[in-house]
$ cat query_14.cif   # mmCIF, C-alpha atoms, pLDDT in the B column; chains and numbers go by the auth columns
data_start
#
loop_
_atom_site.group_PDB
_atom_site.id
_atom_site.type_symbol
_atom_site.label_atom_id
_atom_site.label_comp_id
_atom_site.label_asym_id
_atom_site.label_seq_id
_atom_site.Cartn_x
_atom_site.Cartn_y
_atom_site.Cartn_z
_atom_site.B_iso_or_equiv
_atom_site.auth_seq_id
_atom_site.auth_asym_id
ATOM 1 C CA MET A 1 121.884 140.160 134.134 52.00 40 L
ATOM 2 C CA TYR A 2 125.533 139.524 133.234 45.00 41 L
ATOM 3 C CA LYS A 3 126.295 138.351 136.789 47.00 42 L
ATOM 4 C CA LYS A 4 123.424 135.864 136.636 45.00 43 L
ATOM 5 C CA LEU A 5 124.708 134.406 133.369 37.00 44 L
ATOM 6 C CA VAL A 6 128.224 134.019 134.785 39.00 45 L
ATOM 7 C CA LEU A 7 126.844 132.355 137.924 42.00 46 L
ATOM 8 C CA ILE A 8 124.686 129.981 135.886 41.00 47 L
ATOM 9 C CA GLY A 9 127.659 129.162 133.647 44.00 48 L
ATOM 10 C CA CYS A 10 129.909 128.408 136.631 46.00 49 L
ATOM 11 C CA ALA A 11 127.256 126.294 138.329 43.00 50 L
ATOM 12 C CA SER A 12 126.550 124.284 135.185 41.00 51 L
ATOM 13 C CA PHE A 13 130.293 123.628 134.826 42.00 52 L
ATOM 14 C CA LEU A 14 130.059 121.596 138.023 40.00 53 L
ATOM 15 C CA PHE A 15 127.503 119.237 136.517 41.00 54 L
ATOM 16 C CA VAL A 16 129.004 118.546 133.085 43.00 55 L
ATOM 17 C CA GLY A 17 132.178 117.058 131.720 45.00 56 L
ATOM 18 C CA CYS A 18 134.294 114.509 133.422 56.00 57 L
ATOM 19 C CA ALA A 19 137.858 114.951 134.565 63.00 58 L
ATOM 20 C CA SER A 20 140.166 111.977 134.426 80.00 59 L
ATOM 21 C CA VAL A 21 143.335 111.024 136.250 85.00 60 L
ATOM 22 C CA PRO A 22 145.856 108.214 135.624 89.00 61 L
ATOM 23 C CA LEU A 23 144.643 104.893 137.038 93.00 62 L
ATOM 24 C CA GLU A 24 146.450 101.957 138.619 95.00 63 L
ATOM 25 C CA THR A 25 146.224 98.503 137.076 96.00 64 L
ATOM 26 C CA THR A 26 143.086 96.478 137.686 95.00 65 L
ATOM 27 C CA GLU A 27 145.186 93.983 139.668 97.00 66 L
ATOM 28 C CA LYS A 28 146.484 96.656 142.050 97.00 67 L
ATOM 29 C CA SER A 29 143.010 98.132 142.429 97.00 68 L
ATOM 30 C CA ASP A 30 141.482 94.708 143.141 97.00 69 L
ATOM 31 C CA MET A 31 144.223 93.979 145.689 97.00 70 L
ATOM 32 C CA ALA A 32 143.455 97.206 147.571 98.00 71 L
ATOM 33 C CA LYS A 33 139.751 96.307 147.569 98.00 72 L
ATOM 34 C CA GLN A 34 140.509 93.195 149.643 98.00 73 L
ATOM 35 C CA PHE A 35 140.817 95.627 152.588 98.00 74 L
ATOM 36 C CA ASN A 36 143.641 93.660 154.196 97.00 75 L
ATOM 37 C CA PRO A 37 145.028 95.040 157.441 97.00 76 L
ATOM 38 C CA PRO A 38 147.909 97.477 156.941 98.00 77 L
ATOM 39 C CA SER A 39 151.495 96.421 157.689 97.00 78 L
ATOM 40 C CA ASP A 40 152.640 96.227 161.335 96.00 79 L
ATOM 41 C CA GLY A 41 152.460 99.505 163.200 97.00 80 L
ATOM 42 C CA ASN A 42 150.558 101.236 160.415 98.00 81 L
ATOM 43 C CA ALA A 43 147.021 102.302 159.610 98.00 82 L
ATOM 44 C CA GLY A 44 145.469 102.356 156.141 98.00 83 L
ATOM 45 C CA LEU A 45 143.722 105.366 154.626 98.00 84 L
ATOM 46 C CA TYR A 46 141.247 104.909 151.789 98.00 85 L
ATOM 47 C CA ILE A 47 140.560 108.367 150.373 98.00 86 L
ATOM 48 C CA TYR A 48 137.804 108.330 147.790 97.00 87 L
ATOM 49 C CA ARG A 49 135.540 110.483 145.664 94.00 88 L
ATOM 50 C CA SER A 50 132.311 109.014 144.332 89.00 89 L
ATOM 51 C CA GLY A 51 129.478 110.365 142.226 73.00 90 L
ATOM 52 C CA THR A 52 129.443 112.703 139.260 61.00 91 L
ATOM 53 C CA PHE A 53 128.729 116.080 140.885 55.00 92 L
ATOM 54 C CA GLY A 54 131.629 118.360 139.960 51.00 93 L
ATOM 55 C CA GLY A 55 132.775 115.865 137.357 54.00 94 L
ATOM 56 C CA ALA A 56 134.903 118.348 135.454 54.00 95 L
ATOM 57 C CA LEU A 57 136.918 119.242 138.555 79.00 96 L
ATOM 58 C CA LYS A 58 140.123 117.612 139.745 82.00 97 L
ATOM 59 C CA LYS A 59 141.024 118.236 143.386 87.00 98 L
ATOM 60 C CA ASP A 60 144.345 117.657 145.138 90.00 99 L
ATOM 61 C CA VAL A 61 144.680 115.518 148.255 95.00 100 L
ATOM 62 C CA TRP A 62 147.527 115.660 150.778 95.00 101 L
ATOM 63 C CA VAL A 63 148.330 113.542 153.830 97.00 102 L
ATOM 64 C CA ASN A 64 150.545 115.220 156.425 97.00 103 L
ATOM 65 C CA GLY A 65 151.631 117.777 153.836 93.00 104 L
ATOM 66 C CA LYS A 66 152.618 115.115 151.271 95.00 105 L
ATOM 67 C CA CYS A 67 150.867 115.196 147.907 94.00 106 L
ATOM 68 C CA ILE A 68 148.937 111.991 147.273 96.00 107 L
ATOM 69 C CA GLY A 69 147.522 113.110 143.916 94.00 108 L
ATOM 70 C CA GLU A 70 144.531 114.586 142.147 91.00 109 L
ATOM 71 C CA THR A 71 141.090 113.084 142.438 91.00 110 L
ATOM 72 C CA ALA A 72 138.414 112.855 139.796 88.00 111 L
ATOM 73 C CA PRO A 73 134.965 111.297 140.044 90.00 112 L
ATOM 74 C CA ASN A 74 134.833 107.643 141.089 94.00 113 L
ATOM 75 C CA VAL A 75 138.448 107.074 142.114 95.00 114 L
ATOM 76 C CA PHE A 76 140.236 106.233 145.347 97.00 115 L
ATOM 77 C CA PHE A 77 143.729 106.285 146.816 97.00 116 L
ATOM 78 C CA TYR A 78 145.197 103.966 149.424 98.00 117 L
ATOM 79 C CA GLU A 79 147.947 105.257 151.703 97.00 118 L
ATOM 80 C CA GLU A 80 149.569 103.629 154.714 97.00 119 L
ATOM 81 C CA VAL A 81 150.501 105.915 157.591 98.00 120 L
ATOM 82 C CA ALA A 82 151.931 105.387 161.064 98.00 121 L
ATOM 83 C CA GLY A 83 149.356 103.979 163.451 97.00 122 L
ATOM 84 C CA ASP A 84 148.444 105.328 166.885 97.00 123 L
ATOM 85 C CA LYS A 85 148.927 108.875 165.656 97.00 124 L
ATOM 86 C CA GLU A 86 147.024 111.921 164.364 98.00 125 L
ATOM 87 C CA HIS A 87 147.203 112.625 160.643 98.00 126 L
ATOM 88 C CA LYS A 88 146.143 115.738 158.771 98.00 127 L
ATOM 89 C CA LEU A 89 144.416 115.197 155.453 97.00 128 L
ATOM 90 C CA SER A 90 143.900 118.202 153.222 95.00 129 L
ATOM 91 C CA THR A 91 142.095 118.946 150.000 93.00 130 L
ATOM 92 C CA GLU A 92 141.948 122.086 147.951 82.00 131 L
ATOM 93 C CA SER A 93 138.964 124.333 148.153 77.00 132 L
ATOM 94 C CA GLU A 94 138.135 127.563 146.444 67.00 133 L
ATOM 95 C CA PHE A 95 140.184 129.896 148.647 65.00 134 L
ATOM 96 C CA SER A 96 142.204 127.722 151.048 67.00 135 L
ATOM 97 C CA PRO A 97 142.760 124.051 151.892 74.00 136 L
ATOM 98 C CA ASN A 98 140.135 122.151 153.865 89.00 137 L
ATOM 99 C CA ASP A 99 141.657 119.923 156.531 95.00 138 L
ATOM 100 C CA LEU A 100 140.520 116.855 158.419 96.00 139 L
ATOM 101 C CA VAL A 101 142.481 115.429 161.346 97.00 140 L
ATOM 102 C CA VAL A 102 142.120 111.674 161.872 98.00 141 L
ATOM 103 C CA GLN A 103 143.404 109.788 164.911 98.00 142 L
ATOM 104 C CA THR A 104 144.486 106.344 163.679 98.00 143 L
ATOM 105 C CA ASP A 105 145.024 103.045 165.444 98.00 144 L
ATOM 106 C CA SER A 106 147.590 100.529 164.231 98.00 145 L
ATOM 107 C CA GLY A 107 146.133 97.690 162.190 98.00 146 L
ATOM 108 C CA LYS A 108 142.945 99.515 161.161 98.00 147 L
ATOM 109 C CA ASN A 109 141.727 100.932 157.875 98.00 148 L
ATOM 110 C CA TYR A 110 139.991 104.310 157.692 98.00 149 L
ATOM 111 C CA PHE A 111 137.721 105.654 154.966 98.00 150 L
ATOM 112 C CA ILE A 112 137.720 109.320 154.046 98.00 151 L
ATOM 113 C CA GLN A 113 135.274 110.680 151.503 97.00 152 L
ATOM 114 C CA GLN A 114 136.168 113.732 149.461 94.00 153 L
ATOM 115 C CA PHE A 115 133.113 115.655 148.326 90.00 154 L
ATOM 116 C CA ILE A 116 132.626 118.590 145.975 83.00 155 L
ATOM 117 C CA LYS A 117 130.709 121.622 147.131 78.00 156 L
ATOM 118 C CA LEU A 118 129.516 124.742 145.370 67.00 157 L
ATOM 119 C CA GLY A 119 131.757 127.784 145.502 61.00 158 L
ATOM 120 C CA VAL A 120 131.609 131.410 144.472 55.00 159 L
ATOM 121 C CA PHE A 121 133.748 130.970 141.328 56.00 160 L
ATOM 122 C CA VAL A 122 134.539 127.242 141.147 62.00 161 L
ATOM 123 C CA GLY A 123 133.615 124.251 143.240 70.00 162 L
ATOM 124 C CA GLY A 124 135.543 123.514 146.383 79.00 163 L
ATOM 125 C CA ALA A 125 136.128 120.215 148.121 87.00 164 L
ATOM 126 C CA GLY A 126 135.804 118.883 151.635 90.00 165 L
ATOM 127 C CA LEU A 127 136.720 115.695 153.487 95.00 166 L
ATOM 128 C CA LYS A 128 134.824 113.583 155.984 96.00 167 L
ATOM 129 C CA LEU A 129 135.519 110.364 157.836 98.00 168 L
ATOM 130 C CA VAL A 130 132.912 107.681 157.100 98.00 169 L
ATOM 131 C CA ASP A 131 132.229 104.383 158.833 97.00 170 L
ATOM 132 C CA GLU A 132 133.971 101.254 157.586 97.00 171 L
ATOM 133 C CA GLU A 133 130.885 99.594 156.087 97.00 172 L
ATOM 134 C CA LYS A 134 129.908 102.665 154.054 97.00 173 L
ATOM 135 C CA GLY A 135 133.515 103.249 152.986 98.00 174 L
ATOM 136 C CA LYS A 136 134.093 99.672 151.836 98.00 175 L
ATOM 137 C CA SER A 137 130.834 99.674 149.893 98.00 176 L
ATOM 138 C CA ALA A 138 131.772 102.897 148.110 97.00 177 L
ATOM 139 C CA VAL A 139 135.377 101.907 147.328 98.00 178 L
ATOM 140 C CA GLN A 140 134.256 98.554 145.843 98.00 179 L
ATOM 141 C CA LYS A 141 132.606 100.507 142.999 97.00 180 L
ATOM 142 C CA LEU A 142 135.592 102.767 142.261 97.00 181 L
ATOM 143 C CA LYS A 143 138.917 102.577 140.427 96.00 182 L
ATOM 144 C CA MET A 144 142.267 103.165 142.104 97.00 183 L
ATOM 145 C CA ALA A 145 144.051 106.338 141.006 95.00 184 L
ATOM 146 C CA LYS A 146 147.829 106.464 140.605 94.00 185 L
ATOM 147 C CA LYS A 147 149.593 108.572 143.154 93.00 186 L
ATOM 148 C CA GLY A 148 151.086 111.566 141.498 86.00 187 L
ATOM 149 C CA GLU A 149 151.683 115.242 141.472 80.00 188 L
ATOM 150 C CA CYS A 150 149.325 117.836 142.814 83.00 189 L
ATOM 151 C CA SER A 151 148.441 120.882 140.771 75.00 190 L
ATOM 152 C CA LYS A 152 149.684 123.345 143.403 63.00 191 L
#

$ encode --input "query_14.cif" --output "structure tokens"
Amino acid sequence: MYKKLVLIGCASFLFVGCASVPLETTEKSDMAKQFNPPSDGNAGLYIYRSGTFGGALKKDVWVNGKCIGETAPNVFFYEEVAGDKEHKLSTESEFSPNDLVVQTDSGKNYFIQQFIKLGVFVGGAGLKLVDEEKGKSAVQKLKMAKKGECSK
């Protein structure tokens, strides 16, 4: 019985509350939402988290081992990386990082969705590449998070 109560408590934690992270100015966020091509020789990465599932959880995001920051519901980051190259994006999960490798082309923007998934003790996170139309539509509704420190 005790195990069931703990499991129910952990699961309900994923659905309530709402974590927050520092946000960029509206002007900077609006500028990023113009989806301009990245600077010469680079590719743009829009990394976003939408929805309220797992709202109380913040999850770190890294690009090529560099901390981008913590996500919360309904925020995005924009990061320019070298084009014509593979890049490893990582997010924290319950027991180890989840990675996604993206091959980029210079001059293009890429959209990566971070999603929260149920875990044994706390929720984990995953990453997936989404098509440009879906990514742009999602990012338009979100606020830009400030890049910052990761929790680990």

$ resolve_selection --input "query_14.cif" --expression "the PyMOL selection byres ((chain L and resi 104-118) around 6)" --output "list in words"
Ala58, Ser59, Gly83, Leu84, Tyr85, Ile86, Tyr87, Arg88, Ser89, Gly90, Thr91, Gly94, Lys97, Lys98, Asp99, Val100, Trp101, Val102, Asn103, Glu119, Leu181, Lys182, Met183, Ala184, Lys186, Gly187, Glu188 and Cys189 of chain L

$ atom_distance --input "query_14.cif" --atom1 "atom CA of L:Gln142" --atom2 "atom CA of L:Pro77"
15.3 Å

$ closest_residue --input "query_14.cif" --among "L:Glu172, L:Glu131, L:Glu66, L:Asp79" --to "L:Leu96" --atoms "all atoms listed in the file"
L:Glu131

$ residues_around --input "query_14.cif" --residues "L:Gly80" --least-positions-apart "4" --cutoff "7 Å" --atoms "all atoms listed in the file" --output "VMD selection string"
chain L and resid 121 to 122 145 to 146

$ closest_residue --input "query_14.cif" --among "L:Leu139, L:Gly162, L:Lys185, L:Ser190" --to "L:Lys67" --atoms "all atoms listed in the file"
L:Lys185

$ closest_residue --input "query_14.cif" --among "L:Thr130, L:Asn148, L:Gln179, L:Ser78" --to "L:Gly163" --atoms "only C-alpha atoms"
L:Thr130

$ residues_around --input "query_14.cif" --residues "L:Thr143" --least-positions-apart "5" --cutoff "7 Å" --atoms "all atoms listed in the file" --output "VMD selection string"
chain L and resid 82 122 to 125

$ closest_residue --input "query_14.cif" --among "L:Val120, L:Ala71, L:Val140, L:Leu62" --to "L:Lys175" --atoms "all atoms listed in the file"
L:Ala71

$ atom_distance --input "query_14.cif" --atom1 "atom CA of L:Lys127" --atom2 "atom CA of L:Val178"
20.9 Å
